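Structure first, commentary second.
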Amino acid sequence: MQMQLSKIFSLLLEEYGPQHWWPGDTPWEIAAGALLTQNTNWGNVEKAIANLKRLGLLDPAKIADSRDEIIQNTIRPAGYFRLKTYRFKNLARWWLANVRNDHLKRKSSDLDFWRDSLLSVSGVGRETADSILLYSFHLPTFVVDTYTKRIMSRHYVTAESIDYDELRDIFMNELPRDPVLFNEFHALFVRLGKEACGKRGCTAQCPLGAECHRVRM
DNA sequence: GACCAGGCACATC
DNA sequence: GATGTGCATGGT
């Protein structure tokens, strides 16, 4: 590996400072955001969450009980609103069955157990599951997203075609398994991806620029 | 109007 | 196992 992960982390932290993630006040709000932001701009998700709050629906029991049409209209700004209504209800039912007082029932430290449990929910894939485990429950799992994959391959750290779990394993095996570190690292990747290492190329301000193979001005 | 945004399940080869 | 496709809104 050309550049050590700890080096990348320190460069990003130095450039951007702590990101204080996830943007959300409660574990359920964080989980809802993780689901609604699938392949969607965060600004649109904020609109959907504001609607949920305004209507008093930011509650898994309300989601599980509400008619599809109500939820669809509420989360419409987040896109894929029919699909996400189905997924949101599935997640709400899982939450009601497995979470009490914002804590996982039993064995809350058993990361693999809870990851498999979340992955059994239709509509919850690996990134969404890891986001919920890390940001709602503070379990030490690394969240891989399109930013992570793009930044790592563009800076010659890993191959572009790498599988989600392979990339996740690299972070989890090379770094201390600390949820605070994983939280900050992922948030910094998103910041970098949005700001200076976009889909079309890095800007000259990319903090990892010296190792980048697609610089534009 | 094209392109992009914290994915995922399912079909098909 | 890899690869393709549908799902939808809103900002640039």
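As shown in the structure tokens, the chain order sets the letters A, B, ...; within each chain, residues go from 1, and ligands are also counted from 1 in the order they appear.
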
Counting only C-alpha atoms (C1' of nucleotides), a student should be able to say which residues of chain A come within 12 Å of chain B; what is the right answer, written as a PyMOL selection string? chain A and resi 21-23+33-45+78-80+83-84+87+119+121-132+143-149+164+186-191+193-194+198-200

Chain C residues near chain A (9 Å cut-off, only C-alpha atoms (C1' of nucleotides)) as a PyMOL selection string: chain C and resi 7-11

Any idea what the distance is between atom CA of Asp59 of chain A and atom CA of Trp28 of chain A? 7.2 Å

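Omitting segment 167-182 of chain A and its sequence neighbours fewer than 3 positions away, and counting only C-alpha atoms (C1' of nucleotides), the residues within 6 Å are A:His138, A:Leu139, A:Pro140, A:Phe142, A:Tyr164, A:Phe185.
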
List every residue of segment 28-150 of chain A that DSSP, applied to the backbone of this structure, places in strand (DSSP E), and write the result as number ranges by chain. A: 99-100, 103-104

Extract, using only C-alpha atoms (C1' of nucleotides), all DNA, RNA and protein residues at most 12 Å from Glu14 of chain A, discarding same-chain residues fewer than 3 positions from it, and format them as an MDAnalysis selection string. chainID A and resid 7:11 17:19 185 188 207:208

Tell me, which residues of segment 40-184 of chain A carry DSSP helix (DSSP H, G or I), written as a PyMOL selection string? chain A and resi 42-54+60-65+68-78+81-98+111-119+126-136+146-154+164-174+179-184
